[in-house]
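query32.csv follows; it contains CSV, N, CA and C atoms.
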chain,number,residue,atom,x,y,z
A,1197,MET,N,-25.2,34.3,-12.1
A,1197,MET,CA,-25.6,35.1,-10.9
A,1197,MET,C,-27.1,35.2,-10.8
A,1198,THR,N,-27.6,35.2,-9.5
A,1198,THR,CA,-29.0,35.3,-9.3
A,1198,THR,C,-29.4,36.8,-9.3
A,1199,ILE,N,-30.7,37.1,-9.3
A,1199,ILE,CA,-31.1,38.5,-9.4
A,1199,ILE,C,-30.7,39.2,-8.1
A,1200,GLN,N,-30.8,38.5,-7.0
A,1200,GLN,CA,-30.4,39.1,-5.7
A,1200,GLN,C,-28.9,39.5,-5.7
A,1201,GLN,N,-28.1,38.7,-6.3
A,1201,GLN,CA,-26.6,39.0,-6.4
A,1201,GLN,C,-26.4,40.2,-7.3
A,1202,LEU,N,-27.1,40.2,-8.4
A,1202,LEU,CA,-27.0,41.4,-9.3
A,1202,LEU,C,-27.4,42.7,-8.7
A,1203,ILE,N,-28.5,42.6,-7.8
A,1203,ILE,CA,-28.9,43.8,-7.1
A,1203,ILE,C,-27.8,44.3,-6.2
A,1204,ARG,N,-27.2,43.3,-5.5
A,1204,ARG,CA,-26.1,43.6,-4.5
A,1204,ARG,C,-24.9,44.2,-5.2
A,1205,HIS,N,-24.4,43.5,-6.3
A,1205,HIS,CA,-23.1,43.9,-6.9
A,1205,HIS,C,-23.3,44.9,-8.0
A,1206,GLN,N,-24.5,45.0,-8.6
A,1206,GLN,CA,-24.8,46.0,-9.6
A,1206,GLN,C,-24.1,45.7,-11.0
A,1207,LYS,N,-22.8,45.5,-11.0
A,1207,LYS,CA,-22.1,45.5,-12.3
A,1207,LYS,C,-21.3,44.2,-12.5
A,1208,ARG,N,-21.4,43.6,-13.6
A,1208,ARG,CA,-20.6,42.4,-13.9
A,1208,ARG,C,-19.3,42.9,-14.4
A,1209,LEU,N,-18.2,42.2,-14.0
A,1209,LEU,CA,-16.9,42.6,-14.5
A,1209,LEU,C,-16.6,42.1,-15.9
A,1210,LYS,N,-16.1,43.0,-16.7
A,1210,LYS,CA,-15.7,42.6,-18.1
A,1210,LYS,C,-14.5,41.8,-18.1
A,1211,LYS,N,-14.4,40.8,-19.0
A,1211,LYS,CA,-13.2,40.0,-19.1
A,1211,LYS,C,-12.1,40.8,-19.8
A,1212,GLN,N,-10.9,40.8,-19.2
A,1212,GLN,CA,-9.8,41.5,-19.8
A,1212,GLN,C,-9.4,40.8,-21.2
A,1213,GLN,N,-9.2,41.6,-22.2
A,1213,GLN,CA,-8.7,41.1,-23.5
A,1213,GLN,C,-7.2,41.0,-23.5
A,1214,LYS,N,-6.7,39.8,-24.0
A,1214,LYS,CA,-5.3,39.6,-24.0
A,1214,LYS,C,-4.8,39.8,-25.4
A,1215,THR,N,-3.7,40.5,-25.5
A,1215,THR,CA,-3.1,40.7,-26.8
A,1215,THR,C,-2.1,39.6,-27.1
A,1216,PHE,N,-2.1,39.2,-28.4
A,1216,PHE,CA,-1.2,38.1,-28.8
A,1216,PHE,C,0.1,38.7,-29.3
A,1217,VAL,N,0.2,40.0,-29.5
A,1217,VAL,CA,1.4,40.6,-30.0
A,1217,VAL,C,1.8,41.8,-29.1
A,1218,PRO,N,2.2,41.5,-27.9
A,1218,PRO,CA,2.5,42.6,-26.9
A,1218,PRO,C,3.6,43.6,-27.3
A,1219,ALA,N,4.6,43.1,-28.1
A,1219,ALA,CA,5.8,43.9,-28.4
A,1219,ALA,C,5.4,45.0,-29.4
A,1220,LEU,N,4.3,44.9,-30.2
A,1220,LEU,CA,3.9,45.9,-31.1
A,1220,LEU,C,3.3,47.1,-30.4
A,1221,SER,N,2.9,47.0,-29.2
A,1221,SER,CA,2.3,48.0,-28.3
A,1221,SER,C,1.2,48.7,-29.1
A,1222,SER,N,0.2,48.0,-29.4
A,1222,SER,CA,-1.1,48.4,-30.0
A,1222,SER,C,-0.9,49.1,-31.4
A,1223,CYS,N,0.2,48.8,-32.1
A,1223,CYS,CA,0.4,49.3,-33.5
A,1223,CYS,C,0.2,48.2,-34.5
A,1224,PRO,N,-0.2,48.4,-35.7
A,1224,PRO,CA,-0.4,47.4,-36.7
A,1224,PRO,C,1.0,46.8,-37.1
A,1225,GLN,N,2.0,47.7,-37.3
A,1225,GLN,CA,3.3,47.3,-37.7
A,1225,GLN,C,4.4,48.1,-36.9
A,1226,LYS,N,5.6,47.6,-36.8
A,1226,LYS,CA,6.7,48.3,-36.2
A,1226,LYS,C,7.9,48.1,-37.0
A,1227,LYS,N,8.8,49.2,-37.0
A,1227,LYS,CA,10.0,49.1,-37.7
A,1227,LYS,C,11.1,48.5,-36.7
A,1228,GLY,N,12.0,47.7,-37.3
A,1228,GLY,CA,13.0,47.1,-36.5
A,1228,GLY,C,14.3,46.9,-37.2
A,1229,ILE,N,15.3,46.5,-36.5
A,1229,ILE,CA,16.6,46.2,-37.1
A,1229,ILE,C,17.0,44.8,-36.7
A,1230,CYS,N,17.4,44.0,-37.7
A,1230,CYS,CA,17.8,42.6,-37.4
A,1230,CYS,C,19.1,42.6,-36.6
A,1231,VAL,N,19.0,41.8,-35.5
A,1231,VAL,CA,20.2,41.6,-34.6
A,1231,VAL,C,20.9,40.3,-35.0
A,1232,LYS,N,20.1,39.3,-35.4
A,1232,LYS,CA,20.7,38.0,-35.7
A,1232,LYS,C,19.7,37.3,-36.7
A,1233,ILE,N,20.3,36.6,-37.7
A,1233,ILE,CA,19.5,35.7,-38.6
A,1233,ILE,C,19.9,34.3,-38.3
A,1234,ARG,N,18.9,33.4,-38.1
A,1234,ARG,CA,19.3,32.0,-37.8
A,1234,ARG,C,18.2,31.0,-38.3
A,1235,ILE,N,18.6,29.8,-38.3
A,1235,ILE,CA,17.7,28.7,-38.7
A,1235,ILE,C,17.2,27.9,-37.5
A,1236,VAL,N,15.9,27.6,-37.5
A,1236,VAL,CA,15.3,26.9,-36.4
A,1236,VAL,C,14.5,25.7,-36.9
A,1237,LYS,N,14.5,24.6,-36.2
A,1237,LYS,CA,13.8,23.4,-36.6
A,1237,LYS,C,12.4,23.5,-35.9
A,1238,PRO,N,11.3,23.1,-36.7
A,1238,PRO,CA,10.0,23.2,-36.1
A,1238,PRO,C,9.6,22.0,-35.2
A,1239,LYS,N,8.4,22.2,-34.6
A,1239,LYS,CA,8.0,21.2,-33.6
A,1239,LYS,C,7.7,19.8,-34.2
A,1240,LYS,N,7.3,18.9,-33.4
A,1240,LYS,CA,7.4,17.5,-33.6
A,1240,LYS,C,6.9,16.9,-35.0
A,1241,PRO,N,5.7,17.0,-35.4
A,1241,PRO,CA,5.4,16.2,-36.7
A,1241,PRO,C,6.1,16.8,-37.9
A,1242,ASN,N,6.5,18.1,-37.8
A,1242,ASN,CA,7.1,18.7,-39.0
A,1242,ASN,C,8.6,18.6,-39.0
A,1243,SER,N,9.2,18.7,-40.2
A,1243,SER,CA,10.6,18.6,-40.3
A,1243,SER,C,11.1,19.6,-41.4
A,1244,ALA,N,11.8,20.6,-41.1
A,1244,ALA,CA,12.3,21.6,-42.0
A,1244,ALA,C,13.4,22.4,-41.4
A,1245,GLN,N,13.8,23.5,-42.1
A,1245,GLN,CA,14.7,24.5,-41.6
A,1245,GLN,C,14.1,25.8,-41.8
A,1246,ARG,N,13.4,26.3,-40.8
A,1246,ARG,CA,12.7,27.6,-40.9
A,1246,ARG,C,13.7,28.8,-40.6
A,1247,LYS,N,13.6,29.8,-41.4
A,1247,LYS,CA,14.4,31.0,-41.2
A,1247,LYS,C,13.8,32.0,-40.2
A,1248,VAL,N,14.4,32.4,-39.2
A,1248,VAL,CA,13.9,33.4,-38.3
A,1248,VAL,C,14.9,34.5,-38.0
A,1249,ALA,N,14.5,35.7,-37.6
A,1249,ALA,CA,15.3,36.8,-37.3
A,1249,ALA,C,15.1,37.3,-35.9
A,1250,LYS,N,16.1,37.6,-35.2
A,1250,LYS,CA,16.0,38.3,-33.9
A,1250,LYS,C,16.0,39.8,-34.3
A,1251,VAL,N,14.9,40.5,-33.9
A,1251,VAL,CA,14.8,41.9,-34.3
A,1251,VAL,C,14.6,42.8,-33.1
A,1252,ARG,N,15.4,43.9,-33.1
A,1252,ARG,CA,15.2,45.0,-32.1
A,1252,ARG,C,14.2,46.0,-32.7
A,1253,LEU,N,13.1,46.1,-32.0
A,1253,LEU,CA,12.0,47.1,-32.5
A,1253,LEU,C,12.4,48.5,-32.2
A,1254,SER,N,11.6,49.4,-32.7
A,1254,SER,CA,11.8,50.9,-32.5
A,1254,SER,C,11.5,51.2,-31.0
A,1255,ASN,N,10.8,50.4,-30.3
A,1255,ASN,CA,10.5,50.6,-28.9
A,1255,ASN,C,11.5,49.8,-28.0
A,1256,GLN,N,12.6,49.4,-28.6
A,1256,GLN,CA,13.7,48.8,-27.9
A,1256,GLN,C,13.4,47.3,-27.4
A,1257,LYS,N,12.3,46.8,-27.8
A,1257,LYS,CA,12.0,45.4,-27.4
A,1257,LYS,C,12.6,44.5,-28.4
A,1258,ILE,N,13.1,43.3,-28.0
A,1258,ILE,CA,13.7,42.3,-28.9
A,1258,ILE,C,12.8,41.2,-29.0
A,1259,ILE,N,12.5,40.8,-30.3
A,1259,ILE,CA,11.6,39.7,-30.6
A,1259,ILE,C,12.2,38.8,-31.6
A,1260,THR,N,11.5,37.6,-31.7
A,1260,THR,CA,11.9,36.7,-32.8
A,1260,THR,C,10.8,36.7,-33.8
A,1261,ALA,N,11.1,36.9,-35.1
A,1261,ALA,CA,10.1,37.0,-36.2
A,1261,ALA,C,10.5,36.0,-37.3
A,1262,ALA,N,9.4,35.4,-37.8
A,1262,ALA,CA,9.6,34.5,-38.9
A,1262,ALA,C,9.9,35.2,-40.2
A,1263,ILE,N,10.7,34.7,-41.1
A,1263,ILE,CA,11.0,35.3,-42.4
A,1263,ILE,C,10.1,34.5,-43.4
A,1264,PRO,N,9.1,35.1,-44.0
A,1264,PRO,CA,8.3,34.4,-44.9
A,1264,PRO,C,8.9,34.2,-46.3
A,1265,GLY,N,8.3,33.2,-47.0
A,1265,GLY,CA,8.7,33.0,-48.4
A,1265,GLY,C,9.9,32.1,-48.6
A,1266,GLN,N,10.3,31.9,-49.9
A,1266,GLN,CA,11.4,31.1,-50.2
A,1266,GLN,C,12.6,32.0,-50.6
A,1267,GLY,N,13.6,32.0,-49.8
A,1267,GLY,CA,14.8,32.9,-50.0
A,1267,GLY,C,14.6,34.3,-49.5
A,1268,HIS,N,15.7,34.9,-49.0
A,1268,HIS,CA,15.7,36.2,-48.5
A,1268,HIS,C,17.1,36.9,-48.6
A,1269,ASN,N,17.1,38.2,-48.5
A,1269,ASN,CA,18.4,38.9,-48.6
A,1269,ASN,C,18.8,39.6,-47.3
A,1270,LEU,N,18.3,39.1,-46.2
A,1270,LEU,CA,18.5,39.8,-44.9
A,1270,LEU,C,19.9,39.5,-44.3
A,1271,LYS,N,20.5,40.5,-43.7
A,1271,LYS,CA,21.8,40.3,-43.0
A,1271,LYS,C,21.6,41.0,-41.7
A,1272,GLU,N,22.7,41.0,-40.9
A,1272,GLU,CA,22.7,41.7,-39.6
A,1272,GLU,C,22.5,43.2,-39.9
A,1273,TYR,N,21.8,43.9,-39.1
A,1273,TYR,CA,21.5,45.4,-39.2
A,1273,TYR,C,20.7,45.8,-40.4
A,1274,SER,N,20.0,44.8,-41.0
A,1274,SER,CA,19.0,45.2,-42.1
A,1274,SER,C,17.7,45.8,-41.4
A,1275,GLU,N,17.1,46.8,-42.0
A,1275,GLU,CA,15.9,47.4,-41.5
A,1275,GLU,C,14.7,46.6,-42.0
A,1276,VAL,N,13.8,46.3,-41.2
A,1276,VAL,CA,12.6,45.5,-41.5
A,1276,VAL,C,11.4,46.1,-40.9
A,1277,LEU,N,10.2,45.6,-41.5
A,1277,LEU,CA,8.9,46.0,-40.9
A,1277,LEU,C,8.3,44.7,-40.4
A,1278,VAL,N,7.8,44.8,-39.1
A,1278,VAL,CA,7.3,43.6,-38.4
A,1278,VAL,C,5.8,43.7,-38.3
A,1279,ARG,N,5.1,42.6,-38.5
A,1279,ARG,CA,3.6,42.6,-38.3
A,1279,ARG,C,3.3,41.4,-37.3
A,1280,GLY,N,2.1,41.3,-36.8
A,1280,GLY,CA,1.7,40.2,-36.0
A,1280,GLY,C,1.4,38.9,-36.9
A,1281,GLY,N,1.3,37.8,-36.2
A,1281,GLY,CA,1.0,36.6,-37.0
A,1281,GLY,C,2.0,35.5,-36.6
A,1282,ARG,N,1.5,34.5,-36.0
A,1282,ARG,CA,2.5,33.5,-35.5
A,1282,ARG,C,2.9,32.5,-36.5
A,1283,ALA,N,4.1,31.8,-36.3
A,1283,ALA,CA,4.5,30.7,-37.1
A,1283,ALA,C,4.0,29.5,-36.3
A,1284,ASN,N,3.1,28.7,-36.8
A,1284,ASN,CA,2.4,27.7,-36.1
A,1284,ASN,C,3.3,26.6,-35.5
A,1285,ASP,N,4.4,26.2,-36.2
A,1285,ASP,CA,5.2,25.1,-35.7
A,1285,ASP,C,6.5,25.6,-35.1
A,1286,LEU,N,6.6,26.9,-34.8
A,1286,LEU,CA,7.8,27.4,-34.2
A,1286,LEU,C,7.4,28.0,-32.8
A,1287,PRO,N,7.8,27.4,-31.7
A,1287,PRO,CA,7.4,27.9,-30.4
A,1287,PRO,C,8.1,29.3,-30.1
A,1288,GLY,N,7.3,30.2,-29.6
A,1288,GLY,CA,7.8,31.5,-29.2
A,1288,GLY,C,7.9,32.5,-30.4
A,1289,VAL,N,7.5,32.1,-31.6
A,1289,VAL,CA,7.6,33.0,-32.7
A,1289,VAL,C,6.2,33.6,-33.0
A,1290,ARG,N,5.9,34.8,-32.6
A,1290,ARG,CA,4.6,35.4,-32.7
A,1290,ARG,C,4.5,36.5,-33.8
A,1291,TYR,N,5.6,36.7,-34.5
A,1291,TYR,CA,5.6,37.9,-35.4
A,1291,TYR,C,6.2,37.4,-36.8
A,1292,LYS,N,5.8,38.2,-37.8
A,1292,LYS,CA,6.3,37.9,-39.2
A,1292,LYS,C,6.9,39.2,-39.8
A,1293,LEU,N,7.8,39.1,-40.7
A,1293,LEU,CA,8.4,40.2,-41.4
A,1293,LEU,C,7.6,40.5,-42.6
A,1294,ILE,N,7.5,41.8,-43.1
A,1294,ILE,CA,6.8,42.1,-44.3
A,1294,ILE,C,7.8,42.3,-45.4
A,1295,LYS,N,7.6,41.6,-46.5
A,1295,LYS,CA,8.5,41.7,-47.6
A,1295,LYS,C,8.2,43.0,-48.4
A,1296,GLY,N,9.3,43.5,-49.0
A,1296,GLY,CA,9.2,44.7,-49.9
A,1296,GLY,C,9.2,46.0,-49.1
A,1297,CYS,N,9.5,46.0,-47.8
A,1297,CYS,CA,9.6,47.2,-47.0
A,1297,CYS,C,11.0,47.4,-46.5
A,1298,TYR,N,11.5,48.6,-46.6
A,1298,TYR,CA,12.9,49.0,-46.1
A,1298,TYR,C,13.9,48.1,-46.9
A,1299,SER,N,14.8,47.4,-46.2
A,1299,SER,CA,15.9,46.7,-46.9
A,1299,SER,C,15.5,45.2,-47.1
A,1300,PHE,N,14.3,44.8,-46.8
A,1300,PHE,CA,13.8,43.4,-47.0
A,1300,PHE,C,13.2,43.3,-48.4
A,1301,ASP,N,14.0,42.8,-49.4
A,1301,ASP,CA,13.6,42.7,-50.8
A,1301,ASP,C,12.5,41.7,-51.0
A,1302,THR,N,11.8,41.8,-52.2
A,1302,THR,CA,10.8,40.9,-52.6
A,1302,THR,C,11.4,39.7,-53.3
A,1303,PHE,N,12.6,39.4,-53.1
A,1303,PHE,CA,13.3,38.3,-53.7
A,1303,PHE,C,12.7,36.9,-53.4
A,1304,GLU,N,12.4,36.2,-54.4
A,1304,GLU,CA,11.8,34.8,-54.3
A,1304,GLU,C,12.6,33.9,-55.2
A,1305,LEU,N,12.9,32.7,-54.8
A,1305,LEU,CA,13.6,31.7,-55.6
A,1305,LEU,C,12.8,31.2,-56.8
A,1306,TYR,N,11.5,31.1,-56.5
A,1306,TYR,CA,10.6,30.5,-57.6
A,1306,TYR,C,9.4,31.5,-57.8
A,1307,TYR,N,8.8,31.5,-59.0
A,1307,TYR,CA,7.7,32.4,-59.3
A,1307,TYR,C,6.5,31.9,-58.5
A,1308,ARG,N,5.8,32.8,-57.9
A,1308,ARG,CA,4.7,32.6,-57.0
A,1308,ARG,C,3.4,33.1,-57.7
A,1309,SER,N,2.4,32.3,-58.0
A,1309,SER,CA,1.2,32.8,-58.7
A,1309,SER,C,0.1,33.1,-57.7
A,1310,ARG,N,0.1,32.4,-56.5
A,1310,ARG,CA,-1.0,32.7,-55.5
A,1310,ARG,C,-0.4,33.3,-54.3
A,1311,SER,N,-1.2,34.0,-53.5
A,1311,SER,CA,-0.9,34.7,-52.3
A,1311,SER,C,0.3,35.7,-52.5
A,1312,ARG,N,0.3,36.4,-53.7
A,1312,ARG,CA,1.4,37.2,-54.0
A,1312,ARG,C,1.5,38.4,-53.1
A,1313,SER,N,0.3,38.9,-52.7
A,1313,SER,CA,0.3,40.2,-51.9
A,1313,SER,C,1.1,40.0,-50.5
A,1314,LYS,N,1.0,38.7,-50.0
A,1314,LYS,CA,1.7,38.5,-48.7
A,1314,LYS,C,3.2,38.6,-48.9
A,1315,TYR,N,3.7,38.4,-50.1
A,1315,TYR,CA,5.1,38.3,-50.4
A,1315,TYR,C,5.6,39.5,-51.3
A,1316,GLY,N,4.7,40.5,-51.5
A,1316,GLY,CA,5.0,41.7,-52.2
A,1316,GLY,C,5.4,41.5,-53.6
A,1317,LEU,N,4.8,40.6,-54.3
A,1317,LEU,CA,5.2,40.3,-55.7
A,1317,LEU,C,4.1,40.8,-56.7
A,1318,LYS,N,4.6,41.3,-57.9
A,1318,LYS,CA,3.7,41.7,-58.9
A,1318,LYS,C,3.3,40.5,-59.8
A,1319,ARG,N,2.2,40.8,-60.5
A,1319,ARG,CA,1.7,39.7,-61.4
A,1319,ARG,C,2.6,39.6,-62.6
A,1320,LYS,N,2.8,38.4,-63.0
A,1320,LYS,CA,3.7,38.1,-64.2
A,1320,LYS,C,3.1,38.4,-65.5

As a first step, turn the structure in this file into structure tokens.
Amino acid sequence: MTIQQLIRHQKRLKKQQKTFVPALSSCPQKKGICVKIRIVKPKKPNSAQRKVAKVRLSNQKIITAAIPGQGHNLKEYSEVLVRGGRANDLPGVRYKLIKGCYSFDTFELYYRSRSRSKYGLKRK
């Protein structure tokens, strides 16, 4: 903008900030109940069977959340805690579940020495 335009308009408009986790409605985490547990295949270069859960949040919104780690004990109607953070190779999955909260156990198939706090594991 030129100086003349600034004098005429006075104020520049601020750019609107976009949230990447709209279902959490400005909260760091939300409680939810699993509606369905299923397996999804990732996008093109990757090949695997990723576990995801369809979750109904406490604000009645239904989202798809990734189940982290190796192995889980989730069933239908399990209570879970949801946080933000997308699964890079799963389209439409913008949320992750937090291990060790409510009925989501810290169960892991193998011992994990690194990034233990993400999976709620104690030091061996």

Would you mind listing what lies within 10 Å of Pro1238 (chain A) as a PyMOL selection string, with only C-alpha atoms counted and same-chain residues fewer than 4 positions away left out?
chain A and resi 1242-1246+1283-1287

**Surrounding residues of region 1217-1220 of chain A excluding itself and chain neighbours under 5 positions, 9 Å, only C-alpha atoms, as a PyMOL selection string** = chain A and resi 1225-1226+1253+1255+1257-1259+1278-1281+1290-1291

Please provide the set of residues having any atom within 12 Å of Ser1313 (chain A), restricted to only C-alpha atoms, with same-chain residues fewer than 2 positions apart removed, written as a list in words. Gly1265, Ile1294, Lys1295, Gly1296, Thr1302, Arg1308, Ser1309, Arg1310, Ser1311, Tyr1315, Gly1316, Leu1317, Lys1318 and Arg1319 of chain A

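You can rank A:Ala1249, A:Cys1297, A:Val1231, A:Leu1209 by their closest distance to Ala1261 (chain A) using all atoms listed in the file, and at the top of that list sits A:Ala1249.
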
Worksheet item: Hey, can you check how far atom N of Pro1224 (chain A) sits from atom N of Leu1305 (chain A)?
Response: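 Separating atom N of Pro1224 (chain A) from atom N of Leu1305 (chain A) is a distance of 28.0 Å.
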
Restricting to all atoms listed in the file, whichever of A:Leu1277, A:Leu1293, A:Met1197, A:Cys1230 is closest to Val1251 (chain A) is A:Cys1230
